[in-house]
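Data from coords13.csv: CSV, C-alpha atoms
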```csv
chain,number,residue,atom,x,y,z
A,1,MET,CA,-30.0,8.3,-72.9
A,2,PRO,CA,-28.1,9.8,-69.9
A,3,GLU,CA,-29.6,9.6,-66.4
A,4,THR,CA,-30.4,12.8,-64.6
A,5,THR,CA,-30.2,11.5,-61.0
A,6,PRO,CA,-26.7,11.1,-59.7
A,7,GLN,CA,-26.0,7.5,-58.8
A,8,ASN,CA,-24.8,6.4,-55.3
A,9,TYR,CA,-24.9,3.4,-53.0
A,10,ALA,CA,-28.5,4.1,-52.0
A,11,ASN,CA,-29.9,4.2,-55.5
A,12,HIS,CA,-27.6,2.2,-57.7
A,13,THR,CA,-29.8,-0.9,-57.9
A,14,ARG,CA,-31.7,-0.9,-61.2
A,15,PHE,CA,-34.9,-2.4,-62.4
A,16,ASP,CA,-36.0,-3.2,-66.0
A,17,PRO,CA,-39.8,-2.6,-65.9
A,18,LYS,CA,-40.5,-5.0,-68.8
A,19,PHE,CA,-38.6,-7.8,-67.1
A,20,HIS,CA,-39.3,-7.2,-63.4
A,21,PHE,CA,-42.8,-5.9,-63.6
A,22,PHE,CA,-44.3,-7.7,-66.6
A,23,ILE,CA,-42.4,-10.8,-67.7
A,24,ILE,CA,-41.7,-12.2,-64.2
A,25,PRO,CA,-45.3,-11.7,-63.0
A,26,VAL,CA,-46.8,-13.2,-66.2
A,27,PHE,CA,-44.7,-16.3,-66.0
A,28,VAL,CA,-45.1,-16.8,-62.3
A,29,PHE,CA,-48.9,-16.2,-62.5
A,30,THR,CA,-49.1,-18.7,-65.4
A,31,PHE,CA,-47.2,-21.3,-63.3
A,32,LEU,CA,-49.5,-20.8,-60.3
A,33,LEU,CA,-52.6,-20.9,-62.6
A,34,SER,CA,-51.4,-24.2,-64.1
A,35,ILE,CA,-51.1,-25.6,-60.6
A,36,TRP,CA,-54.6,-24.4,-59.7
A,37,ASN,CA,-55.8,-25.9,-63.0
A,38,LEU,CA,-54.1,-29.3,-62.1
A,39,ILE,CA,-55.9,-29.3,-58.7
A,40,LYS,CA,-59.3,-28.5,-60.3
A,41,ASN,CA,-59.0,-30.7,-63.4
A,42,PHE,CA,-56.5,-33.4,-62.5
A,43,GLY,CA,-55.2,-35.2,-65.6
A,44,PHE,CA,-52.2,-35.7,-67.8
A,45,VAL,CA,-52.6,-32.5,-69.8
A,46,SER,CA,-53.0,-30.4,-66.7
A,47,ALA,CA,-49.9,-32.0,-65.1
A,48,TRP,CA,-48.0,-31.5,-68.3
A,49,MET,CA,-48.9,-27.8,-68.3
A,50,VAL,CA,-47.4,-27.5,-64.8
A,51,VAL,CA,-44.2,-28.9,-66.1
A,52,VAL,CA,-44.2,-26.7,-69.2
A,53,SER,CA,-45.0,-23.5,-67.2
A,54,LEU,CA,-42.3,-24.4,-64.7
A,55,GLY,CA,-39.9,-24.9,-67.6
A,56,ALA,CA,-40.8,-21.4,-68.9
A,57,VAL,CA,-40.2,-19.8,-65.5
A,58,VAL,CA,-36.8,-21.6,-65.3
A,59,ALA,CA,-36.0,-20.5,-68.9
A,60,VAL,CA,-36.8,-16.9,-68.2
A,61,PHE,CA,-34.6,-16.7,-65.1
A,62,THR,CA,-31.8,-18.7,-66.8
A,63,ILE,CA,-31.8,-16.4,-69.8
A,64,ARG,CA,-31.7,-13.4,-67.5
A,65,LEU,CA,-28.8,-14.8,-65.5
A,66,TYR,CA,-26.8,-15.6,-68.7
A,67,ALA,CA,-27.2,-11.9,-69.8
A,68,LEU,CA,-26.0,-10.8,-66.4
A,69,LYS,CA,-23.0,-13.1,-66.5
A,70,ALA,CA,-22.0,-11.7,-69.9
A,71,GLN,CA,-22.2,-8.2,-68.4
A,72,ASP,CA,-20.1,-9.3,-65.4
A,73,ARG,CA,-17.4,-10.7,-67.8
A,74,LEU,CA,-17.2,-7.4,-69.6
A,75,ILE,CA,-17.1,-5.4,-66.4
A,76,ARG,CA,-14.4,-7.7,-65.0
A,77,LEU,CA,-12.3,-7.2,-68.2
A,78,GLU,CA,-12.9,-3.4,-68.2
A,79,GLU,CA,-11.9,-3.1,-64.5
A,80,ARG,CA,-8.8,-5.2,-64.8
A,81,GLN,CA,-7.7,-3.0,-67.7
A,82,ARG,CA,-8.6,0.2,-65.7
A,83,LEU,CA,-6.8,-1.1,-62.6
A,84,SER,CA,-3.6,-2.0,-64.6
A,85,LEU,CA,-3.5,1.7,-65.7
A,86,LEU,CA,-4.3,3.3,-62.3
A,87,LEU,CA,-2.6,1.1,-59.7
A,88,PRO,CA,1.1,1.4,-58.7
A,89,GLU,CA,3.2,-1.6,-59.6
A,90,SER,CA,3.0,-3.1,-56.1
A,91,LEU,CA,-0.8,-3.4,-56.4
A,92,ARG,CA,-0.9,-4.1,-60.1
A,93,THR,CA,0.6,-7.6,-59.6
A,94,ARG,CA,-2.2,-8.4,-57.1
A,95,ILE,CA,-5.1,-7.6,-59.5
A,96,PRO,CA,-5.7,-11.4,-60.1
A,97,ALA,CA,-6.3,-11.8,-56.3
A,98,LEU,CA,-9.5,-9.7,-56.6
A,99,THR,CA,-12.7,-11.7,-56.9
A,100,GLU,CA,-15.3,-11.2,-59.6
A,101,GLY,CA,-17.6,-9.5,-57.1
A,102,GLN,CA,-14.9,-7.2,-55.9
A,103,LEU,CA,-14.0,-6.1,-59.4
A,104,ILE,CA,-17.7,-5.5,-60.2
A,105,ALA,CA,-18.1,-3.4,-57.0
A,106,LEU,CA,-14.9,-1.5,-57.7
A,107,ARG,CA,-16.3,-0.1,-61.0
A,108,PHE,CA,-18.2,2.5,-59.0
A,109,ALA,CA,-15.0,4.0,-57.4
A,110,SER,CA,-13.5,7.1,-58.9
A,111,ASP,CA,-10.0,6.9,-60.5
A,112,ALA,CA,-8.6,8.9,-57.6
A,113,GLU,CA,-9.7,6.5,-54.9
A,114,ILE,CA,-9.1,3.2,-56.7
A,115,PRO,CA,-5.5,2.6,-55.3
A,116,ALA,CA,-6.5,3.1,-51.7
A,117,LEU,CA,-9.7,1.1,-52.1
A,118,VAL,CA,-8.0,-1.8,-53.8
A,119,GLU,CA,-5.3,-1.9,-51.1
A,120,LYS,CA,-8.1,-1.9,-48.4
A,121,THR,CA,-10.0,-4.5,-50.3
A,122,LEU,CA,-7.0,-6.9,-50.6
A,123,ALA,CA,-5.9,-6.3,-47.0
A,124,GLY,CA,-9.4,-6.9,-45.5
A,125,ASN,CA,-10.9,-9.2,-48.1
A,126,LEU,CA,-13.8,-6.8,-48.4
A,127,ARG,CA,-17.1,-8.0,-49.7
A,128,PRO,CA,-18.7,-6.2,-52.7
A,129,ARG,CA,-21.3,-4.5,-50.4
A,130,GLU,CA,-18.5,-3.2,-48.1
A,131,ILE,CA,-16.5,-1.9,-51.1
A,132,LYS,CA,-19.6,0.0,-52.4
A,133,LYS,CA,-20.2,1.5,-49.0
A,134,ALA,CA,-16.5,2.7,-48.7
A,135,ILE,CA,-16.7,4.6,-52.0
A,136,THR,CA,-16.8,8.4,-51.4
A,137,ASN,CA,-16.7,9.7,-55.0
A,138,TRP,CA,-19.2,7.5,-56.9
A,139,ARG,CA,-18.6,6.7,-60.6
A,140,PRO,CA,-22.0,5.8,-62.0
A,141,ASP,CA,-22.8,2.8,-64.2
A,142,TYR,CA,-26.2,3.6,-65.9
A,143,PHE,CA,-25.9,0.8,-68.5
A,144,ARG,CA,-26.3,-2.3,-66.3
A,145,ILE,CA,-29.7,-3.4,-65.4
```

Would you mind giving the structure from this file in C-alpha cells?
Amino acid sequence: MPETTPQNYANHTRFDPKFHFFIIPVFVFTFLLSIWNLIKNFGFVSAWMVVVSLGAVVAVFTIRLYALKAQDRLIRLEERQRLSLLLPESLRTRIPALTEGQLIALRFASDAEIPALVEKTLAGNLRPREIKKAITNWRPDYFRI
C-alpha cells in the first residue's frame, strides 16, 4: 500500500505499532512485574520467572535486530548495484570505501544527486545523519520499518 505523505529527513523514521506499542510494552511490563513479584514473594520460582522474562525481552530485541540486519544487507546490495550504474568510473572504484551506514543513508538520494553526494561523502567521511541532511531531492523508502 503506497504512502500518501512525501517522505523527507524530518519524517523518515518509521514505527511498527504492533512491535513498538504492543510487543515491547508487554514484554517490558512482564519483566518489571516479575521483579516486583520476586520482591513480594521471594523464592526460586519467582527468581526463575525474572530470568525467563529477561530472556524473553532479550529474545524480542534480538529477533528485531536480526530482521533489521537482513534489511540492511539487502539495502547495501541494492545501493552498491545502483551506484555502479550511476557513478562515473572514478567514483565507481571507490564504492567499497563506503560504510554500511553510508550506503543505507544514500538510498534516500535521487539518482541525479548521487554522484556529487558520494563524492562529498568520501571526501568528508560523512556520517549517515549528515548524508540524509544533505539530500535535496528525497527518494522515499516506505518498506523499511

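Atom pair atom CA of Glu113 of chain A / atom CA of Asn8 of chain A: separated by 15.1 Å.
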
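If you measure from each of A:Pro25, A:Pro6, A:Pro88, A:Gly101 to Arg139 of chain A using all atoms listed in the file, the closest one turns out to be A:Pro6.
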
Using only C-alpha atoms for the distances, tell me which of A:Tyr9, A:Leu91, A:Gln81, A:Phe61 is nearest to Ile131 of chain A. A:Tyr9

Could you please determine the separation between atom CA of Glu79 of chain A and atom CA of Ala109 of chain A in Å, to one decimal place? 10.5 Å

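Straight-line separation from atom CA of Phe19 of chain A to atom CA of Pro140 of chain A: 22.1 Å.
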
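Considering the residues A:Pro115, A:Glu100, A:Arg144, A:Thr30 and counting all atoms listed in the file, Arg127 of chain A has its shortest atom-to-atom contact with A:Glu100.
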
Taking (-10.5, -8.0, -48.0) in the file's coordinates as the center, which residues reach within 12 Å of it, counting only C-alpha atoms, put as an NGL selection string? :A and (97-99 or 101-102 or 117-131)

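Of the residues under consideration (A:Ala10, A:Ile23, A:Ala134, A:Ala105), A:Ile23 shows the shortest atom-to-atom contact distance to Arg64 of chain A when counting all atoms listed in the file.
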
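Among the candidate residues A:Leu33, A:Leu68, A:Leu77, A:Val60, the one lying nearest to Ala47 of chain A is A:Leu33, with distances computed using only C-alpha atoms.
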
Residue neighbourhood Trp48 of chain A, 12 Å, only C-alpha atoms, exclusion window fewer than 4 positions, as a PyMOL selection string: chain A and resi 31+34-35+37-38+42-44+52-55

Using all atoms listed in the file - which residues lie no farther than 9 Å from the point (-15.4, 10.4, -57.7) in the file's frame? Write them as JSON, numbers by chain. {"A": [108, 109, 110, 111, 112, 113, 135, 136, 137, 138, 139]}

Atoms kept (C-alpha atoms) for selection, written as a short mmCIF file (atom, residue, chain, number, x, y, z; two decimals), keeping the file's coordinate frame:
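So the final result, stored in result-v1.cif, reads:
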```cif
data_model
loop_
_atom_site.label_atom_id
_atom_site.label_comp_id
_atom_site.auth_asym_id
_atom_site.auth_seq_id
_atom_site.Cartn_x
_atom_site.Cartn_y
_atom_site.Cartn_z
CA PHE A 108 -18.20 2.50 -59.00
CA ALA A 109 -15.00 4.00 -57.40
CA SER A 110 -13.50 7.10 -58.90
CA ASP A 111 -10.00 6.90 -60.50
CA ALA A 112 -8.60 8.90 -57.60
CA GLU A 113 -9.70 6.50 -54.90
CA ILE A 135 -16.70 4.60 -52.00
CA THR A 136 -16.80 8.40 -51.40
CA ASN A 137 -16.70 9.70 -55.00
CA TRP A 138 -19.20 7.50 -56.90
CA ARG A 139 -18.60 6.70 -60.60
#
```

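With all atoms listed in the file as the atoms that count, the minimum distance from Arg76 of chain A to the choices A:Ser90, A:Ile63, A:Val57, A:Ile104 is reached by A:Ile104.
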
Missing atoms in segment 94-117 of chain A need filling: write out N, CA and C atoms for it as a PDB file, in the frame of the given file.
```pdb
ATOM      1  N   ARG A  94      -1.205  -7.675 -57.934  1.00  0.00           N
ATOM      2  CA  ARG A  94      -2.200  -8.400 -57.100  1.00  0.00           C
ATOM      3  C   ARG A  94      -3.614  -8.298 -57.668  1.00  0.00           C
ATOM      4  N   ILE A  95      -3.779  -7.731 -58.848  1.00  0.00           N
ATOM      5  CA  ILE A  95      -5.100  -7.600 -59.500  1.00  0.00           C
ATOM      6  C   ILE A  95      -5.760  -9.030 -59.584  1.00  0.00           C
ATOM      7  N   PRO A  96      -5.030 -10.093 -59.956  1.00  0.00           N
ATOM      8  CA  PRO A  96      -5.700 -11.400 -60.100  1.00  0.00           C
ATOM      9  C   PRO A  96      -6.246 -11.924 -58.719  1.00  0.00           C
ATOM     10  N   ALA A  97      -5.834 -11.358 -57.604  1.00  0.00           N
ATOM     11  CA  ALA A  97      -6.300 -11.800 -56.300  1.00  0.00           C
ATOM     12  C   ALA A  97      -7.750 -11.253 -56.033  1.00  0.00           C
ATOM     13  N   LEU A  98      -8.176 -10.251 -56.788  1.00  0.00           N
ATOM     14  CA  LEU A  98      -9.500  -9.700 -56.600  1.00  0.00           C
ATOM     15  C   LEU A  98     -10.555 -10.650 -57.178  1.00  0.00           C
ATOM     16  N   THR A  99     -11.630 -10.852 -56.453  1.00  0.00           N
ATOM     17  CA  THR A  99     -12.700 -11.700 -56.900  1.00  0.00           C
ATOM     18  C   THR A  99     -13.554 -11.011 -57.966  1.00  0.00           C
ATOM     19  N   GLU A 100     -14.373 -11.778 -58.647  1.00  0.00           N
ATOM     20  CA  GLU A 100     -15.300 -11.200 -59.600  1.00  0.00           C
ATOM     21  C   GLU A 100     -16.187 -10.148 -58.978  1.00  0.00           C
ATOM     22  N   GLY A 101     -16.751 -10.477 -57.836  1.00  0.00           N
ATOM     23  CA  GLY A 101     -17.600  -9.500 -57.100  1.00  0.00           C
ATOM     24  C   GLY A 101     -16.922  -8.274 -56.704  1.00  0.00           C
ATOM     25  N   GLN A 102     -15.681  -8.411 -56.265  1.00  0.00           N
ATOM     26  CA  GLN A 102     -14.900  -7.200 -55.900  1.00  0.00           C
ATOM     27  C   GLN A 102     -14.631  -6.334 -57.066  1.00  0.00           C
ATOM     28  N   LEU A 103     -14.255  -6.936 -58.188  1.00  0.00           N
ATOM     29  CA  LEU A 103     -14.000  -6.100 -59.400  1.00  0.00           C
ATOM     30  C   LEU A 103     -15.269  -5.418 -59.851  1.00  0.00           C
ATOM     31  N   ILE A 104     -16.394  -6.101 -59.784  1.00  0.00           N
ATOM     32  CA  ILE A 104     -17.700  -5.500 -60.200  1.00  0.00           C
ATOM     33  C   ILE A 104     -18.032  -4.347 -59.284  1.00  0.00           C
ATOM     34  N   ALA A 105     -17.772  -4.488 -57.997  1.00  0.00           N
ATOM     35  CA  ALA A 105     -18.100  -3.400 -57.000  1.00  0.00           C
ATOM     36  C   ALA A 105     -17.108  -2.237 -57.224  1.00  0.00           C
ATOM     37  N   LEU A 106     -15.865  -2.513 -57.544  1.00  0.00           N
ATOM     38  CA  LEU A 106     -14.900  -1.500 -57.700  1.00  0.00           C
ATOM     39  C   LEU A 106     -15.138  -0.547 -58.889  1.00  0.00           C
ATOM     40  N   ARG A 107     -15.982  -0.972 -59.819  1.00  0.00           N
ATOM     41  CA  ARG A 107     -16.300  -0.100 -61.000  1.00  0.00           C
ATOM     42  C   ARG A 107     -16.894   1.180 -60.618  1.00  0.00           C
ATOM     43  N   PHE A 108     -17.503   1.242 -59.442  1.00  0.00           N
ATOM     44  CA  PHE A 108     -18.200   2.500 -59.000  1.00  0.00           C
ATOM     45  C   PHE A 108     -17.196   3.487 -58.399  1.00  0.00           C
ATOM     46  N   ALA A 109     -15.979   3.072 -58.090  1.00  0.00           N
ATOM     47  CA  ALA A 109     -15.000   4.000 -57.400  1.00  0.00           C
ATOM     48  C   ALA A 109     -14.369   4.897 -58.467  1.00  0.00           C
ATOM     49  N   SER A 110     -14.149   6.133 -58.063  1.00  0.00           N
ATOM     50  CA  SER A 110     -13.500   7.100 -58.900  1.00  0.00           C
ATOM     51  C   SER A 110     -12.021   6.695 -59.132  1.00  0.00           C
ATOM     52  N   ASP A 111     -11.419   7.204 -60.187  1.00  0.00           N
ATOM     53  CA  ASP A 111     -10.000   6.900 -60.500  1.00  0.00           C
ATOM     54  C   ASP A 111      -9.114   7.291 -59.305  1.00  0.00           C
ATOM     55  N   ALA A 112      -9.420   8.405 -58.664  1.00  0.00           N
ATOM     56  CA  ALA A 112      -8.600   8.900 -57.600  1.00  0.00           C
ATOM     57  C   ALA A 112      -8.575   7.987 -56.357  1.00  0.00           C
ATOM     58  N   GLU A 113      -9.690   7.374 -56.068  1.00  0.00           N
ATOM     59  CA  GLU A 113      -9.700   6.500 -54.900  1.00  0.00           C
ATOM     60  C   GLU A 113      -9.495   5.062 -55.099  1.00  0.00           C
ATOM     61  N   ILE A 114      -9.297   4.665 -56.342  1.00  0.00           N
ATOM     62  CA  ILE A 114      -9.100   3.200 -56.700  1.00  0.00           C
ATOM     63  C   ILE A 114      -7.854   2.661 -55.937  1.00  0.00           C
ATOM     64  N   PRO A 115      -6.667   3.276 -55.977  1.00  0.00           N
ATOM     65  CA  PRO A 115      -5.500   2.600 -55.300  1.00  0.00           C
ATOM     66  C   PRO A 115      -5.733   2.320 -53.851  1.00  0.00           C
ATOM     67  N   ALA A 116      -6.229   3.289 -53.104  1.00  0.00           N
ATOM     68  CA  ALA A 116      -6.500   3.100 -51.700  1.00  0.00           C
ATOM     69  C   ALA A 116      -7.550   2.041 -51.431  1.00  0.00           C
ATOM     70  N   LEU A 117      -8.582   2.067 -52.236  1.00  0.00           N
ATOM     71  CA  LEU A 117      -9.700   1.100 -52.100  1.00  0.00           C
ATOM     72  C   LEU A 117      -9.280  -0.298 -52.423  1.00  0.00           C
TER      73      LEU A 117
END
```
